[in-house]
Amino acid sequence: MPSIPLTKERFMERVEFELNTGCWLWSGAPGSGGYGTAVHNGKNAKAHRVAWFLFRGWMPPPEIKACHKCDTPACVNPDHLFLGTQADNVADMIAKGRLRTARRCGTKNPMASLSEKQVWEIRHLLMMGKWSQAEIARSYGVSPMTISRISNCETWQHVHLNWPYHPHPLYGIQEMIRDAA
Ligand SMILES: [Zn+2]
């Protein structure tokens, strides 16, 4: 039997509003770590991630965490969520050298040696402040100057910390249209 897709309305039936903080507290099934559980595509998922899906229109890939600005795991208010990489995952990736991915050309500038996704990762790494620009440069196989320019927003200004989420599902389409024009 096909499962009935969860609508915003049905989702909101399981929300209690916390008027002081603006949090939407999940009153549906609880999950581990204080997060709520909701069904997404026939599978249990964290309720706040499902909220992101319902209200933002796309589900973040598993490696992207939906984090709480309000530090309330049970909160499913999409406005209280931001997406980020898991610091441990990134640290782990650096340790294992997985970030030394094949250098490929950027979408628009043939001289660019980093992809937008890599620049976005670099911005997060810089923000975490755990690694020097030289270490990050080594990890990505680029010069420290390249990292410095990203850090100072001299280059890649459009790839800000929230970059992939904002226009996400349409992003590729917009790029395709632009490239085809
Ligand atoms: Zn909240």
# chains A, B, ... in the order shown; residues from 1 in each chain; ligands from 1
call {"tool": "closest_atom_pairs", "arguments": {"of": "chain A", "to": "ligand 1", "cutoff": "12 Å", "atoms": "only C-alpha atoms and all ligand atoms", "output": "CSV"}}
result
residue,atom,partner,partner_atom_place_in_ligand_line,distance
A:Val15,CA,ligand 1,1 (Zn),11.5
A:Glu16,CA,ligand 1,1 (Zn),11.1
A:Phe17,CA,ligand 1,1 (Zn),9.5
A:Glu18,CA,ligand 1,1 (Zn),8.4
A:Leu19,CA,ligand 1,1 (Zn),10.3
A:Asn20,CA,ligand 1,1 (Zn),10.2
A:Thr21,CA,ligand 1,1 (Zn),6.7
A:Gly22,CA,ligand 1,1 (Zn),6.2
A:Cys23,CA,ligand 1,1 (Zn),3.6
A:Trp24,CA,ligand 1,1 (Zn),6.1
A:Leu25,CA,ligand 1,1 (Zn),7.4
A:Trp26,CA,ligand 1,1 (Zn),10.2
A:Tyr35,CA,ligand 1,1 (Zn),11.7
A:His48,CA,ligand 1,1 (Zn),9.8
A:Ala51,CA,ligand 1,1 (Zn),11.9
A:Cys67,CA,ligand 1,1 (Zn),10.2
A:His68,CA,ligand 1,1 (Zn),6.7
A:Lys69,CA,ligand 1,1 (Zn),6.9
A:Cys70,CA,ligand 1,1 (Zn),4.6
A:Asp71,CA,ligand 1,1 (Zn),6.9
A:Thr72,CA,ligand 1,1 (Zn),5.6
A:Pro73,CA,ligand 1,1 (Zn),7.8
A:Ala74,CA,ligand 1,1 (Zn),7.8
A:Cys75,CA,ligand 1,1 (Zn),4.5
A:Val76,CA,ligand 1,1 (Zn),6.7
A:Asn77,CA,ligand 1,1 (Zn),5.8
A:Pro78,CA,ligand 1,1 (Zn),8.3
A:Asp79,CA,ligand 1,1 (Zn),7.9
A:His80,CA,ligand 1,1 (Zn),4.9
A:Leu81,CA,ligand 1,1 (Zn),7.6
A:Phe82,CA,ligand 1,1 (Zn),11.0
call {"tool": "residues_around", "arguments": {"residues": "A:Ile136", "least_positions_apart": "6", "cutoff": "9 Å", "atoms": "only C-alpha atoms", "output": "list in words"}}
result
Ile94, Ile122, Leu125, Leu126, Val142, Pro144 and Ile147 of chain A
call {"tool": "select_by_dssp", "arguments": {"residues": "stretch 14-101 of chain A", "states": "strand (DSSP E or B)", "output": "PyMOL selection string"}}
result
chain A and resi 15-18+23-26+30+36-40+43-46+64-68+75+81-85
call {"tool": "write_last_selection", "arguments": {"atoms": "N, CA and C atoms", "output": "PDB file, in the first residue's frame"}}
result
ATOM      1  N   VAL A  15       2.509  19.846  15.587  1.00  0.00           N
ATOM      2  CA  VAL A  15       3.407  20.897  16.070  1.00  0.00           C
ATOM      3  C   VAL A  15       2.726  21.696  17.172  1.00  0.00           C
ATOM      4  N   GLU A  16       3.475  21.949  18.220  1.00  0.00           N
ATOM      5  CA  GLU A  16       2.989  22.853  19.259  1.00  0.00           C
ATOM      6  C   GLU A  16       3.858  24.105  19.229  1.00  0.00           C
ATOM      7  N   PHE A  17       3.212  25.234  19.223  1.00  0.00           N
ATOM      8  CA  PHE A  17       3.960  26.487  19.114  1.00  0.00           C
ATOM      9  C   PHE A  17       4.437  26.950  20.476  1.00  0.00           C
ATOM     10  N   GLU A  18       5.683  27.290  20.520  1.00  0.00           N
ATOM     11  CA  GLU A  18       6.258  27.867  21.742  1.00  0.00           C
ATOM     12  C   GLU A  18       6.349  29.370  21.459  1.00  0.00           C
ATOM     13  N   CYS A  23       9.621  28.601  18.560  1.00  0.00           N
ATOM     14  CA  CYS A  23       9.907  27.218  18.188  1.00  0.00           C
ATOM     15  C   CYS A  23       8.610  26.473  17.858  1.00  0.00           C
ATOM     16  N   TRP A  24       8.727  25.542  16.907  1.00  0.00           N
ATOM     17  CA  TRP A  24       7.630  24.635  16.616  1.00  0.00           C
ATOM     18  C   TRP A  24       8.041  23.296  17.218  1.00  0.00           C
ATOM     19  N   LEU A  25       7.472  22.959  18.341  1.00  0.00           N
ATOM     20  CA  LEU A  25       7.894  21.738  19.021  1.00  0.00           C
ATOM     21  C   LEU A  25       7.129  20.542  18.473  1.00  0.00           C
ATOM     22  N   TRP A  26       7.872  19.539  18.107  1.00  0.00           N
ATOM     23  CA  TRP A  26       7.285  18.335  17.505  1.00  0.00           C
ATOM     24  C   TRP A  26       6.587  17.511  18.577  1.00  0.00           C
ATOM     25  N   PRO A  30       8.673  10.685  18.925  1.00  0.00           N
ATOM     26  CA  PRO A  30      10.014  11.148  19.286  1.00  0.00           C
ATOM     27  C   PRO A  30      11.083  10.253  18.666  1.00  0.00           C
ATOM     28  N   GLY A  36      12.557  14.847  16.760  1.00  0.00           N
ATOM     29  CA  GLY A  36      11.319  14.170  16.424  1.00  0.00           C
ATOM     30  C   GLY A  36      11.523  13.243  15.246  1.00  0.00           C
ATOM     31  N   THR A  37      10.559  12.357  15.051  1.00  0.00           N
ATOM     32  CA  THR A  37      10.616  11.433  13.922  1.00  0.00           C
ATOM     33  C   THR A  37       9.372  11.621  13.067  1.00  0.00           C
ATOM     34  N   ALA A  38       9.568  11.703  11.785  1.00  0.00           N
ATOM     35  CA  ALA A  38       8.447  11.784  10.853  1.00  0.00           C
ATOM     36  C   ALA A  38       8.770  10.880   9.668  1.00  0.00           C
ATOM     37  N   VAL A  39       7.765  10.567   8.898  1.00  0.00           N
ATOM     38  CA  VAL A  39       7.972   9.670   7.769  1.00  0.00           C
ATOM     39  C   VAL A  39       8.234  10.497   6.518  1.00  0.00           C
ATOM     40  N   HIS A  40       9.295  10.131   5.830  1.00  0.00           N
ATOM     41  CA  HIS A  40       9.615  10.779   4.559  1.00  0.00           C
ATOM     42  C   HIS A  40       9.903   9.692   3.535  1.00  0.00           C
ATOM     43  N   LYS A  43       9.999   6.202   4.822  1.00  0.00           N
ATOM     44  CA  LYS A  43      11.008   5.843   5.837  1.00  0.00           C
ATOM     45  C   LYS A  43      10.989   6.859   6.971  1.00  0.00           C
ATOM     46  N   ASN A  44      11.388   6.394   8.153  1.00  0.00           N
ATOM     47  CA  ASN A  44      11.493   7.328   9.270  1.00  0.00           C
ATOM     48  C   ASN A  44      12.650   8.289   9.019  1.00  0.00           C
ATOM     49  N   ALA A  45      12.404   9.522   9.307  1.00  0.00           N
ATOM     50  CA  ALA A  45      13.453  10.536   9.173  1.00  0.00           C
ATOM     51  C   ALA A  45      13.316  11.500  10.333  1.00  0.00           C
ATOM     52  N   LYS A  46      14.360  12.290  10.543  1.00  0.00           N
ATOM     53  CA  LYS A  46      14.281  13.292  11.608  1.00  0.00           C
ATOM     54  C   LYS A  46      13.243  14.341  11.211  1.00  0.00           C
ATOM     55  N   ILE A  64      24.715  16.446   4.736  1.00  0.00           N
ATOM     56  CA  ILE A  64      24.409  17.810   5.188  1.00  0.00           C
ATOM     57  C   ILE A  64      23.461  17.725   6.369  1.00  0.00           C
ATOM     58  N   LYS A  65      23.874  18.305   7.460  1.00  0.00           N
ATOM     59  CA  LYS A  65      23.062  18.303   8.665  1.00  0.00           C
ATOM     60  C   LYS A  65      22.131  19.506   8.670  1.00  0.00           C
ATOM     61  N   ALA A  66      20.915  19.298   9.158  1.00  0.00           N
ATOM     62  CA  ALA A  66      20.043  20.449   9.439  1.00  0.00           C
ATOM     63  C   ALA A  66      20.256  20.773  10.912  1.00  0.00           C
ATOM     64  N   CYS A  67      20.845  21.934  11.185  1.00  0.00           N
ATOM     65  CA  CYS A  67      21.220  22.305  12.548  1.00  0.00           C
ATOM     66  C   CYS A  67      20.217  23.311  13.090  1.00  0.00           C
ATOM     67  N   HIS A  68      20.129  23.353  14.400  1.00  0.00           N
ATOM     68  CA  HIS A  68      19.190  24.258  15.056  1.00  0.00           C
ATOM     69  C   HIS A  68      19.888  25.530  15.525  1.00  0.00           C
ATOM     70  N   CYS A  75      12.595  21.145  17.834  1.00  0.00           N
ATOM     71  CA  CYS A  75      12.009  22.235  17.049  1.00  0.00           C
ATOM     72  C   CYS A  75      12.038  21.888  15.561  1.00  0.00           C
ATOM     73  N   LEU A  81      16.236  26.626  11.429  1.00  0.00           N
ATOM     74  CA  LEU A  81      17.218  25.633  10.971  1.00  0.00           C
ATOM     75  C   LEU A  81      18.221  26.268  10.021  1.00  0.00           C
ATOM     76  N   PHE A  82      19.415  25.758  10.047  1.00  0.00           N
ATOM     77  CA  PHE A  82      20.390  26.098   9.016  1.00  0.00           C
ATOM     78  C   PHE A  82      21.123  24.820   8.664  1.00  0.00           C
ATOM     79  N   LEU A  83      21.647  24.804   7.476  1.00  0.00           N
ATOM     80  CA  LEU A  83      22.320  23.590   7.030  1.00  0.00           C
ATOM     81  C   LEU A  83      23.817  23.745   7.187  1.00  0.00           C
ATOM     82  N   GLY A  84      24.448  22.685   7.527  1.00  0.00           N
ATOM     83  CA  GLY A  84      25.897  22.737   7.671  1.00  0.00           C
ATOM     84  C   GLY A  84      26.500  21.362   7.519  1.00  0.00           C
ATOM     85  N   THR A  85      27.772  21.361   7.286  1.00  0.00           N
ATOM     86  CA  THR A  85      28.458  20.079   7.257  1.00  0.00           C
ATOM     87  C   THR A  85      28.745  19.692   8.692  1.00  0.00           C
TER      88      THR A  85
END
call {"tool": "closest_residue", "arguments": {"among": "A:Phe53, A:His160, A:Glu154, A:Ser132", "to": "A:Gln118", "atoms": "only C-alpha atoms"}}
result
A:His160
call {"tool": "atom_distance", "arguments": {"atom1": "atom CA of A:Trp58", "atom2": "atom CA of A:Arg123"}}
result
22.5 Å
call {"tool": "atom_distance", "arguments": {"atom1": "atom CA of A:Pro5", "atom2": "atom CA of A:Phe55"}}
result
14.0 Å
call {"tool": "atom_distance", "arguments": {"atom1": "atom CA of A:Lys130", "atom2": "atom CA of A:Gln157"}}
result
22.0 Å
